[in-house]
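**Q** Hey, dropping input_24.cif in here, mmCIF, C-alpha atoms:
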```
data_coords
loop_
_atom_site.label_atom_id
_atom_site.label_comp_id
_atom_site.auth_asym_id
_atom_site.auth_seq_id
_atom_site.Cartn_x
_atom_site.Cartn_y
_atom_site.Cartn_z
CA MET H 1 0.00 0.00 0.00
CA ARG H 2 1.26 3.43 -0.93
CA LEU H 3 -0.05 6.84 0.02
CA ASN H 4 0.61 9.80 -2.20
CA CYS H 5 1.81 12.40 0.28
CA PRO H 6 1.08 15.86 -1.16
CA LEU H 7 4.53 16.98 -0.07
CA CYS H 8 6.66 13.88 -0.57
CA GLY H 9 5.00 11.94 -3.38
CA PRO H 10 4.20 8.23 -3.29
CA ARG H 11 5.37 6.70 -0.03
CA ASP H 12 5.25 3.25 1.48
CA ARG H 13 2.66 2.52 4.17
CA ARG H 14 5.48 1.85 6.64
CA GLU H 15 6.40 5.53 6.74
CA PHE H 16 2.97 6.40 8.17
CA TYR H 17 1.18 6.16 11.47
CA TYR H 18 -2.54 5.44 11.26
CA TYR H 19 -4.64 7.51 13.62
CA GLY H 20 -8.29 6.75 12.82
CA SER H 21 -11.41 8.33 11.44
CA GLU H 22 -11.47 11.92 10.23
CA ASP H 23 -14.10 12.45 12.93
CA TYR H 24 -11.17 13.57 15.06
CA LEU H 25 -11.04 16.76 12.98
CA ASN H 26 -14.50 17.77 14.17
CA ARG H 27 -13.93 18.44 17.80
CA PRO H 28 -17.02 19.66 19.69
CA ALA H 29 -16.95 23.25 20.90
CA GLU H 30 -16.23 23.98 24.50
CA GLY H 31 -19.37 23.40 26.57
CA ALA H 32 -20.89 20.99 24.05
CA ALA H 33 -23.33 18.42 25.38
CA PRO H 34 -21.88 15.16 26.76
CA GLN H 35 -23.53 13.30 23.89
CA ALA H 36 -21.48 15.30 21.38
CA TRP H 37 -18.28 14.38 23.19
CA ASP H 38 -19.36 10.76 23.39
CA ASP H 39 -19.95 10.75 19.64
CA TYR H 40 -16.64 12.45 18.97
CA LEU H 41 -14.63 10.07 21.09
CA HIS H 42 -16.38 6.77 20.60
CA LEU H 43 -18.97 6.55 17.83
CA ARG H 44 -17.58 5.49 14.49
CA ASP H 45 -19.04 4.32 11.23
CA ASN H 46 -17.64 1.10 9.87
CA PRO H 47 -18.22 1.58 6.15
CA ALA H 48 -17.87 -1.08 3.51
CA GLY H 49 -16.78 1.36 0.83
CA VAL H 50 -15.42 4.87 0.93
CA THR H 51 -13.95 6.03 4.22
CA LYS H 52 -11.87 8.99 5.31
CA ASP H 53 -9.22 8.70 7.93
CA LEU H 54 -6.16 10.41 9.34
CA TRP H 55 -2.62 9.31 8.72
CA TYR H 56 0.55 10.87 10.05
CA HIS H 57 3.65 10.91 7.85
CA GLU H 58 5.75 10.17 10.88
CA LEU H 59 8.83 8.89 9.05
CA GLY H 60 8.68 11.59 6.41
CA CYS H 61 7.61 15.21 6.43
CA ALA H 62 5.63 14.94 9.68
CA SER H 63 2.40 16.12 8.06
CA TRP H 64 -1.08 14.97 8.96
CA LEU H 65 -3.03 13.68 5.98
CA ARG H 66 -6.68 12.98 5.37
CA VAL H 67 -6.84 9.88 3.21
CA THR H 68 -9.98 8.94 1.29
CA ARG H 69 -9.95 5.26 0.46
CA ASN H 70 -12.24 2.41 -0.40
CA THR H 71 -12.23 -0.43 2.10
CA LEU H 72 -13.65 -2.85 -0.47
CA THR H 73 -11.25 -2.21 -3.34
CA HIS H 74 -8.29 -0.78 -1.36
CA GLU H 75 -8.28 2.13 -3.79
CA ILE H 76 -6.75 5.35 -2.50
CA LEU H 77 -9.04 8.08 -3.81
CA ALA H 78 -7.45 11.20 -2.34
CA THR H 79 -4.73 12.35 0.04
CA GLU H 80 -4.93 15.87 1.43
CA LEU H 81 -2.97 17.86 3.96
CA VAL H 82 -5.02 18.47 7.10
CA ALA H 83 -3.28 21.85 7.34
CA ASP H 84 -4.79 22.80 3.97
CA LEU H 85 -8.25 21.61 5.02
CA LYS H 86 -8.09 23.66 8.19
CA ARG H 87 -6.82 26.68 6.27
CA GLU H 88 -9.73 26.43 3.83
CA ALA H 89 -12.20 25.98 6.68
CA THR H 90 -11.04 29.14 8.44
CA ALA H 91 -10.56 31.25 5.29
CA MET S 1 36.63 13.56 38.53
CA THR S 2 35.82 17.00 37.19
CA ARG S 3 38.89 19.16 36.90
CA THR S 4 38.34 22.87 36.76
CA GLY S 5 40.34 26.00 37.22
CA PRO S 6 43.24 27.65 35.43
CA GLY S 7 45.61 24.75 35.99
CA ARG S 8 43.39 22.26 34.15
CA MET S 9 45.24 20.04 31.73
CA PHE S 10 43.90 18.92 28.38
CA ASP S 11 40.94 16.67 29.07
CA ALA S 12 39.78 14.39 26.27
CA SER S 13 36.36 13.91 27.88
CA HIS S 14 35.52 17.48 26.87
CA MET S 15 36.14 16.76 23.22
CA PRO S 16 33.12 15.96 21.06
CA GLN S 17 32.74 12.25 20.51
CA SER S 18 30.90 10.66 17.65
CA ALA S 19 28.44 7.95 18.63
CA LEU S 20 30.56 4.94 17.66
CA GLY S 21 34.06 6.38 17.52
CA GLY S 22 34.28 6.14 13.75
CA ALA S 23 33.31 2.46 13.40
CA VAL S 24 33.94 0.94 9.97
CA PHE S 25 32.61 -2.14 8.22
CA ASP S 26 34.00 -3.30 4.89
CA GLY S 27 31.58 -5.50 3.01
CA PHE S 28 30.47 -5.28 -0.60
CA ALA S 29 30.13 -1.62 0.27
CA ARG S 30 31.92 0.36 2.95
CA VAL S 31 30.02 1.57 5.98
CA GLN S 32 31.61 4.19 8.17
CA GLU S 33 30.30 6.13 11.10
CA ILE S 34 31.56 9.68 10.79
CA GLY S 35 31.31 12.90 12.70
CA PRO S 36 30.53 14.43 14.94
CA LEU S 37 29.05 17.02 12.61
CA GLY S 38 27.49 20.24 13.72
CA MET S 39 23.74 20.09 13.19
CA ILE S 40 21.08 22.66 13.89
CA SER S 41 17.38 22.03 13.68
CA LEU S 42 15.70 25.25 12.57
CA ARG S 43 11.93 25.42 12.72
CA CYS S 44 10.09 28.45 11.44
CA ALA S 45 7.76 29.45 8.63
CA LEU S 46 10.08 28.88 5.69
CA ASP S 47 8.24 31.51 3.66
CA HIS S 48 8.87 34.18 6.27
CA PRO S 49 10.96 36.97 4.71
CA ALA S 50 13.54 36.75 7.51
CA CYS S 51 14.16 33.03 7.04
CA PRO S 52 16.59 33.13 4.09
CA ALA S 53 18.79 35.68 5.85
CA ALA S 54 18.93 33.51 8.97
CA VAL S 55 20.04 30.48 6.96
CA GLN S 56 22.53 32.59 5.06
CA ALA S 57 23.93 33.94 8.33
CA ALA S 58 24.18 30.45 9.82
CA VAL S 59 25.75 28.44 7.00
CA GLY S 60 26.15 30.82 4.07
CA LEU S 61 23.68 29.00 1.86
CA GLY S 62 20.28 29.66 0.37
CA LEU S 63 16.99 27.91 1.08
CA PRO S 64 16.56 24.45 -0.45
CA ALA S 65 13.48 23.57 -2.45
CA GLN S 66 11.02 21.05 -1.04
CA ARG S 67 12.76 17.70 -0.28
CA ARG S 68 16.12 19.05 -1.45
CA ILE S 69 19.49 19.61 0.15
CA ILE S 70 22.05 22.24 -0.78
CA MET S 71 25.63 21.23 -0.04
CA ASP S 72 28.83 23.20 -0.15
CA GLY S 73 31.88 21.57 1.40
CA GLN S 74 31.30 21.06 5.11
CA ARG S 75 28.07 23.03 5.12
CA ALA S 76 24.63 22.03 3.98
CA VAL S 77 21.00 22.93 4.44
CA GLY S 78 18.26 20.40 3.89
CA TRP S 79 14.46 20.60 3.72
CA MET S 80 13.00 18.37 6.42
CA SER S 81 9.34 19.41 6.48
CA PRO S 82 7.24 22.49 5.63
CA ASP S 83 8.53 24.24 8.73
CA GLU S 84 11.87 22.59 9.40
CA LEU S 85 15.38 22.82 8.00
CA LEU S 86 18.45 20.81 8.93
CA LEU S 87 21.61 22.88 8.95
CA ILE S 88 24.94 21.07 8.80
CA LEU S 89 28.23 22.74 9.61
CA PRO S 90 31.50 22.06 11.41
CA TYR S 91 30.84 20.91 14.97
CA ALA S 92 32.71 23.82 16.56
CA ASP S 93 30.70 26.40 14.60
CA ALA S 94 27.24 25.44 15.85
CA ALA S 95 27.12 27.73 18.88
CA ALA S 96 28.12 30.81 16.91
CA ALA S 97 25.67 29.94 14.14
CA LEU S 98 22.87 29.70 16.70
CA GLN S 99 23.66 33.22 17.85
CA ARG S 100 23.54 34.51 14.27
CA ILE S 101 20.19 32.77 13.74
CA ALA S 102 18.81 34.29 16.92
CA ALA S 103 19.89 37.75 15.73
CA ALA S 104 18.45 37.27 12.24
CA LEU S 105 15.13 35.95 13.58
CA ASP S 106 14.80 38.34 16.48
CA GLY S 107 11.06 38.78 17.09
CA VAL S 108 10.13 36.04 14.62
CA HIS S 109 8.47 32.90 15.96
CA HIS S 110 11.08 30.17 15.54
CA LEU S 111 13.01 27.39 17.21
CA ALA S 112 16.70 26.75 16.63
CA VAL S 113 18.45 23.98 18.52
CA ASP S 114 21.93 22.49 18.40
CA VAL S 115 21.20 18.79 17.79
CA SER S 116 24.80 17.81 16.95
CA ASP S 117 25.05 15.42 19.88
CA ALA S 118 21.60 13.95 19.24
CA ARG S 119 22.53 12.50 15.88
CA ALA S 120 24.74 9.82 14.37
CA VAL S 121 26.02 10.09 10.81
CA PHE S 122 27.10 7.32 8.47
CA ARG S 123 28.70 7.11 5.06
CA ILE S 124 27.81 4.21 2.78
CA THR S 125 30.17 4.13 -0.18
CA GLY S 126 31.18 2.03 -3.13
CA PRO S 127 29.64 1.06 -6.46
CA ARG S 128 26.90 -0.97 -4.75
CA ALA S 129 26.15 1.40 -1.90
CA ASP S 130 22.57 1.76 -3.12
CA GLN S 131 21.94 -1.94 -2.43
CA VAL S 132 22.73 -1.48 1.25
CA LEU S 133 19.92 1.06 1.55
CA THR S 134 17.53 -0.70 -0.81
CA LYS S 135 17.41 -3.64 1.58
CA LEU S 136 16.60 -1.47 4.58
CA CYS S 137 14.44 1.40 3.35
CA PRO S 138 11.13 1.51 1.43
CA VAL S 139 12.66 3.82 -1.16
CA ASP S 140 12.91 3.68 -4.92
CA LEU S 141 16.50 4.88 -5.19
CA ALA S 142 16.26 5.02 -8.98
CA ALA S 143 13.71 7.80 -8.53
CA LEU S 144 15.82 9.71 -6.00
CA ALA S 145 16.97 13.07 -7.34
CA PRO S 146 20.73 13.77 -7.04
CA ASP S 147 20.12 16.52 -4.50
CA GLU S 148 17.16 14.96 -2.72
CA LEU S 149 17.07 14.67 1.06
CA ARG S 150 15.11 11.50 1.71
CA ARG S 151 13.46 11.06 5.07
CA THR S 152 12.27 7.55 5.65
CA ARG S 153 12.89 4.59 7.91
CA ALA S 154 15.77 2.14 8.06
CA ALA S 155 14.19 -1.07 9.34
CA GLN S 156 12.67 0.02 12.66
CA VAL S 157 14.03 3.53 13.07
CA ALA S 158 13.81 6.96 11.47
CA ALA S 159 16.56 7.94 9.07
CA ALA S 160 17.38 10.55 6.47
CA PHE S 161 19.90 10.26 3.67
CA TRP S 162 21.14 11.87 0.50
CA ARG S 163 23.60 11.14 -2.27
CA GLU S 164 27.06 12.53 -1.70
CA GLY S 165 30.32 11.70 -3.46
CA ASP S 166 30.59 8.01 -4.27
CA GLY S 167 27.74 6.97 -2.02
CA TYR S 168 25.27 8.18 0.55
CA THR S 169 25.31 10.05 3.82
CA LEU S 170 22.75 8.81 6.34
CA VAL S 171 21.63 10.45 9.56
CA SER S 172 19.88 8.74 12.45
CA PHE S 173 19.24 9.47 16.09
CA ARG S 174 22.34 8.90 18.18
CA SER S 175 20.42 6.73 20.62
CA VAL S 176 20.05 4.08 17.89
CA ALA S 177 23.51 4.48 16.35
CA GLY S 178 24.57 0.95 17.30
CA TYR S 179 21.40 -0.50 15.85
CA VAL S 180 21.85 1.43 12.60
CA MET S 181 25.51 0.43 12.31
CA GLY S 182 24.41 -3.18 12.77
CA LEU S 183 21.73 -2.83 10.11
CA LEU S 184 24.05 -1.24 7.58
CA SER S 185 26.84 -3.74 8.23
CA HIS S 186 24.51 -6.72 7.95
CA SER S 187 23.01 -5.31 4.77
CA ALA S 188 26.52 -4.84 3.32
CA GLN S 189 27.69 -8.40 4.06
CA ARG S 190 29.70 -9.90 1.25
CA GLY S 191 27.68 -12.55 -0.52
CA SER S 192 24.40 -10.71 0.04
CA GLU S 193 24.66 -8.51 -3.05
CA LEU S 194 21.42 -8.11 -4.97
CA GLY S 195 21.00 -9.43 -8.49
#
```
Here is the file; what I need is its structure written in the form of structure tokens.

**A**
Amino acid sequence: MRLNCPLCGPRDRREFYYYGSEDYLNRPAEGAAPQAWDDYLHLRDNPAGVTKDLWYHELGCASWLRVTRNTLTHEILATELVADLKREATA
Amino acid sequence: MTRTGPGRMFDASHMPQSALGGAVFDGFARVQEIGPLGMISLRCALDHPACPAAVQAAVGLGLPAQRRIIMDGQRAVGWMSPDELLLILPYADAAAALQRIAAALDGVHHLAVDVSDARAVFRITGPRADQVLTKLCPVDLAALAPDELRRTRAAQVAAAFWREGDGYTLVSFRSVAGYVMGLLSHSAQRGSELG
């Protein structure tokens, strides 16, 4: 498996650390209801198909990536820098 | 054991020591631990207008492009990540270079640290030097640019290397220097050539 790091190009899976669902990018606001925190921390979809998750290029450029991939076909559909996503969201 | 004061004689324990004392292994390629080299980790926004002047003041070189390293004799500057450069210079020059960086980046958010003693440096040389790394790193060396600084892993630990002279220069953390020397030596064993 290779991930196409936007900064480094195609890189072997072994250079990355897998973190989990992209849900971690959507942290509830301060004072949010306990249910929101419970969802954020614990509730995950388990899709047969397209999923988005976070990978850390730990043994490379140290960037966080959001990887869109298909769990049925193992296709990698997109790799994006989380920094860019956050920049767009706050622009 | 510490001797201080004006009458102090030359004390070798105050001299910089490389991690493995210059260990060498001669296989189908030559592996040699070198150094110590002066190394500074500089973290700042690389597109900040003050950044090029700081690098120039520290090692007299310009900013490398993404994933590239600029080398000139004993000095080099490599791109490590979008906000990190590795500066290489003679060991004894690191402290003064840090002061010049601090002056050039006065008031600019940055971090500059002398990491010379936190690193181990190896040379892998010879016509088949690439095979030593091919066996240890998930890297397509045929696609490596001549001036590319490649961060990756060597078996279980982080490493960075680049082409230099008749081989490669590889940097690892000093704490795993023995492990890396073992890896490189084992990979360079005569009789284990590829193809």

**Q** Once you count only C-alpha atoms, what closest atom pair and distance in Å to one decimal does each residue of chain H within 7 Å of chain S have, with rows by chain and rising residue number, as a tab-separated table?

**A**
```
residue	atom	partner	partner_atom	distance
H:Asp12	CA	S:Pro138	CA	6.1
H:Glu15	CA	S:Thr152	CA	6.3
H:Leu59	CA	S:Thr152	CA	5.0
H:Gly60	CA	S:Arg151	CA	5.0
H:Cys61	CA	S:Ser81	CA	4.5
H:Ala62	CA	S:Ser81	CA	6.6
```

**Q** For this file, the PyMOL selection byres ((chain S and resi 128) around 10) selects which residues, as a list in words?

**A**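 Answer for the PyMOL selection byres ((chain S and resi 128) around 10): Phe28, Ala29, Arg30, Ile124, Thr125, Gly126, Pro127, Ala129, Asp130, Gln131, Val132, Leu133, Asp166, Gly167, Ala188, Glu193 and Leu194 of chain S.
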
**Q** Emit the selected residues as a PDB file, in the coordinates of the input, including C-alpha atoms.

**A**
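Heads up, here's the output in out_24.pdb:
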```pdb
ATOM      1  CA  PHE S  28      30.470  -5.280  -0.600  1.00  0.00           C
ATOM      2  CA  ALA S  29      30.130  -1.620   0.270  1.00  0.00           C
ATOM      3  CA  ARG S  30      31.920   0.360   2.950  1.00  0.00           C
ATOM      4  CA  ILE S 124      27.810   4.210   2.780  1.00  0.00           C
ATOM      5  CA  THR S 125      30.170   4.130  -0.180  1.00  0.00           C
ATOM      6  CA  GLY S 126      31.180   2.030  -3.130  1.00  0.00           C
ATOM      7  CA  PRO S 127      29.640   1.060  -6.460  1.00  0.00           C
ATOM      8  CA  ALA S 129      26.150   1.400  -1.900  1.00  0.00           C
ATOM      9  CA  ASP S 130      22.570   1.760  -3.120  1.00  0.00           C
ATOM     10  CA  GLN S 131      21.940  -1.940  -2.430  1.00  0.00           C
ATOM     11  CA  VAL S 132      22.730  -1.480   1.250  1.00  0.00           C
ATOM     12  CA  LEU S 133      19.920   1.060   1.550  1.00  0.00           C
ATOM     13  CA  ASP S 166      30.590   8.010  -4.270  1.00  0.00           C
ATOM     14  CA  GLY S 167      27.740   6.970  -2.020  1.00  0.00           C
ATOM     15  CA  ALA S 188      26.520  -4.840   3.320  1.00  0.00           C
ATOM     16  CA  GLU S 193      24.660  -8.510  -3.050  1.00  0.00           C
ATOM     17  CA  LEU S 194      21.420  -8.110  -4.970  1.00  0.00           C
TER      18      LEU S 194
END
```

**Q** Written as a PyMOL selection string, which residues does the PyMOL selection byres ((chain S and resi 45-51) around 12) give for the file shown?

**A** chain S and resi 42-44+52-58+61-66+78-85+100-112

**Q** Generate a file of the selected residues that holds C-alpha atoms, formatted as a PDB file, keeping the file's coordinate frame.

**A**
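result.pdb written:
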```pdb
ATOM      1  CA  LEU S  42      15.700  25.250  12.570  1.00  0.00           C
ATOM      2  CA  ARG S  43      11.930  25.420  12.720  1.00  0.00           C
ATOM      3  CA  CYS S  44      10.090  28.450  11.440  1.00  0.00           C
ATOM      4  CA  PRO S  52      16.590  33.130   4.090  1.00  0.00           C
ATOM      5  CA  ALA S  53      18.790  35.680   5.850  1.00  0.00           C
ATOM      6  CA  ALA S  54      18.930  33.510   8.970  1.00  0.00           C
ATOM      7  CA  VAL S  55      20.040  30.480   6.960  1.00  0.00           C
ATOM      8  CA  GLN S  56      22.530  32.590   5.060  1.00  0.00           C
ATOM      9  CA  ALA S  57      23.930  33.940   8.330  1.00  0.00           C
ATOM     10  CA  ALA S  58      24.180  30.450   9.820  1.00  0.00           C
ATOM     11  CA  LEU S  61      23.680  29.000   1.860  1.00  0.00           C
ATOM     12  CA  GLY S  62      20.280  29.660   0.370  1.00  0.00           C
ATOM     13  CA  LEU S  63      16.990  27.910   1.080  1.00  0.00           C
ATOM     14  CA  PRO S  64      16.560  24.450  -0.450  1.00  0.00           C
ATOM     15  CA  ALA S  65      13.480  23.570  -2.450  1.00  0.00           C
ATOM     16  CA  GLN S  66      11.020  21.050  -1.040  1.00  0.00           C
ATOM     17  CA  GLY S  78      18.260  20.400   3.890  1.00  0.00           C
ATOM     18  CA  TRP S  79      14.460  20.600   3.720  1.00  0.00           C
ATOM     19  CA  MET S  80      13.000  18.370   6.420  1.00  0.00           C
ATOM     20  CA  SER S  81       9.340  19.410   6.480  1.00  0.00           C
ATOM     21  CA  PRO S  82       7.240  22.490   5.630  1.00  0.00           C
ATOM     22  CA  ASP S  83       8.530  24.240   8.730  1.00  0.00           C
ATOM     23  CA  GLU S  84      11.870  22.590   9.400  1.00  0.00           C
ATOM     24  CA  LEU S  85      15.380  22.820   8.000  1.00  0.00           C
ATOM     25  CA  ARG S 100      23.540  34.510  14.270  1.00  0.00           C
ATOM     26  CA  ILE S 101      20.190  32.770  13.740  1.00  0.00           C
ATOM     27  CA  ALA S 102      18.810  34.290  16.920  1.00  0.00           C
ATOM     28  CA  ALA S 103      19.890  37.750  15.730  1.00  0.00           C
ATOM     29  CA  ALA S 104      18.450  37.270  12.240  1.00  0.00           C
ATOM     30  CA  LEU S 105      15.130  35.950  13.580  1.00  0.00           C
ATOM     31  CA  ASP S 106      14.800  38.340  16.480  1.00  0.00           C
ATOM     32  CA  GLY S 107      11.060  38.780  17.090  1.00  0.00           C
ATOM     33  CA  VAL S 108      10.130  36.040  14.620  1.00  0.00           C
ATOM     34  CA  HIS S 109       8.470  32.900  15.960  1.00  0.00           C
ATOM     35  CA  HIS S 110      11.080  30.170  15.540  1.00  0.00           C
ATOM     36  CA  LEU S 111      13.010  27.390  17.210  1.00  0.00           C
ATOM     37  CA  ALA S 112      16.700  26.750  16.630  1.00  0.00           C
TER      38      ALA S 112
END
```

**Q** Between CA of Arg123 in chain S and CA of Tyr179 in chain S, what distance in Å does the model show, to one decimal?

**A**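 Straight-line distance from CA of Arg123 in chain S to CA of Tyr179 in chain S works out to 15.1 Å.
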
**Q** Name the residues that the PyMOL selection byres ((chain H and resi 26) around 12) picks from the file above, as a list of chain:residue names, using the file's chain letters and numbers.

**A**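 This file, filtered by the PyMOL selection byres ((chain H and resi 26) around 12), leaves H:Ser21, H:Glu22, H:Asp23, H:Tyr24, H:Leu25, H:Arg27, H:Pro28, H:Ala29, H:Ala36, H:Trp37, H:Asp39, H:Tyr40, H:Leu41, H:Val82, H:Leu85, H:Lys86, H:Ala89.
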
**Q** Calculated over only C-alpha atoms, which of the candidates S:Leu20, S:Ile34, S:Val59, S:Ile70 has the smallest distance to Glu148 in chain S?

**A**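 The closest residue to Glu148 in chain S is S:Ile70.
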
**Q** With only C-alpha atoms as the atoms that count, which of S:Glu164, S:Gly191, S:Gly73, S:Ala143 lies nearest to Pro10 in chain H?

**A**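 Between S:Glu164, S:Gly191, S:Gly73, S:Ala143, the residue approaching Pro10 in chain H most closely is S:Ala143.
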
**Q** Counting all atoms listed in the file, which of H:Cys8, H:Ala32, H:Met1, H:Leu65 gets nearest to Leu149 in chain S?

**A**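 Distance minimum relative to Leu149 in chain S lands on H:Cys8.
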
**Q** Can you tell me, as a PDB file with C-alpha atoms, keeping the file's coordinate frame, what residues are no more than 10 Å from range 3-5 of chain H when counting all atoms listed in the file, ignoring any on the same chain fewer than 3 positions away?

**A**
```
ATOM      1  CA  CYS H   8       6.660  13.880  -0.570  1.00  0.00           C
ATOM      2  CA  GLY H   9       5.000  11.940  -3.380  1.00  0.00           C
ATOM      3  CA  PRO H  10       4.200   8.230  -3.290  1.00  0.00           C
ATOM      4  CA  ARG H  11       5.370   6.700  -0.030  1.00  0.00           C
ATOM      5  CA  ASP H  12       5.250   3.250   1.480  1.00  0.00           C
ATOM      6  CA  ARG H  13       2.660   2.520   4.170  1.00  0.00           C
ATOM      7  CA  ARG H  14       5.480   1.850   6.640  1.00  0.00           C
ATOM      8  CA  GLU H  15       6.400   5.530   6.740  1.00  0.00           C
ATOM      9  CA  PHE H  16       2.970   6.400   8.170  1.00  0.00           C
ATOM     10  CA  TRP H  55      -2.620   9.310   8.720  1.00  0.00           C
ATOM     11  CA  TYR H  56       0.550  10.870  10.050  1.00  0.00           C
ATOM     12  CA  HIS H  57       3.650  10.910   7.850  1.00  0.00           C
ATOM     13  CA  GLY H  60       8.680  11.590   6.410  1.00  0.00           C
ATOM     14  CA  CYS H  61       7.610  15.210   6.430  1.00  0.00           C
ATOM     15  CA  SER H  63       2.400  16.120   8.060  1.00  0.00           C
ATOM     16  CA  TRP H  64      -1.080  14.970   8.960  1.00  0.00           C
ATOM     17  CA  LEU H  65      -3.030  13.680   5.980  1.00  0.00           C
ATOM     18  CA  ARG H  66      -6.680  12.980   5.370  1.00  0.00           C
ATOM     19  CA  VAL H  67      -6.840   9.880   3.210  1.00  0.00           C
ATOM     20  CA  ILE H  76      -6.750   5.350  -2.500  1.00  0.00           C
ATOM     21  CA  LEU H  77      -9.040   8.080  -3.810  1.00  0.00           C
ATOM     22  CA  ALA H  78      -7.450  11.200  -2.340  1.00  0.00           C
ATOM     23  CA  THR H  79      -4.730  12.350   0.040  1.00  0.00           C
ATOM     24  CA  GLU H  80      -4.930  15.870   1.430  1.00  0.00           C
ATOM     25  CA  LEU H  81      -2.970  17.860   3.960  1.00  0.00           C
TER      26      LEU H  81
END
```

**Q** Figure out the distance between CA of Gly178 in chain S and CA of Gly21 in chain S, please, to one decimal in Å.

**A** 10.9 Å

**Q** What is the distance, in Å and to one decimal place, between CA of Tyr91 in chain S and CA of Asp147 in chain S?

**A**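 A separation of 22.7 Å between them.
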
**Q** So that all listed atoms of range 42-60 of chain S fit with 4 Å spare on each side, what axis-aligned box centre and edge lengths in Å, to one decimal, would you give as JSON?

**A**
```
{"center_x": 17.0, "center_y": 31.1, "center_z": 8.2, "size_x": 26.4, "size_y": 19.7, "size_z": 17.1}
```
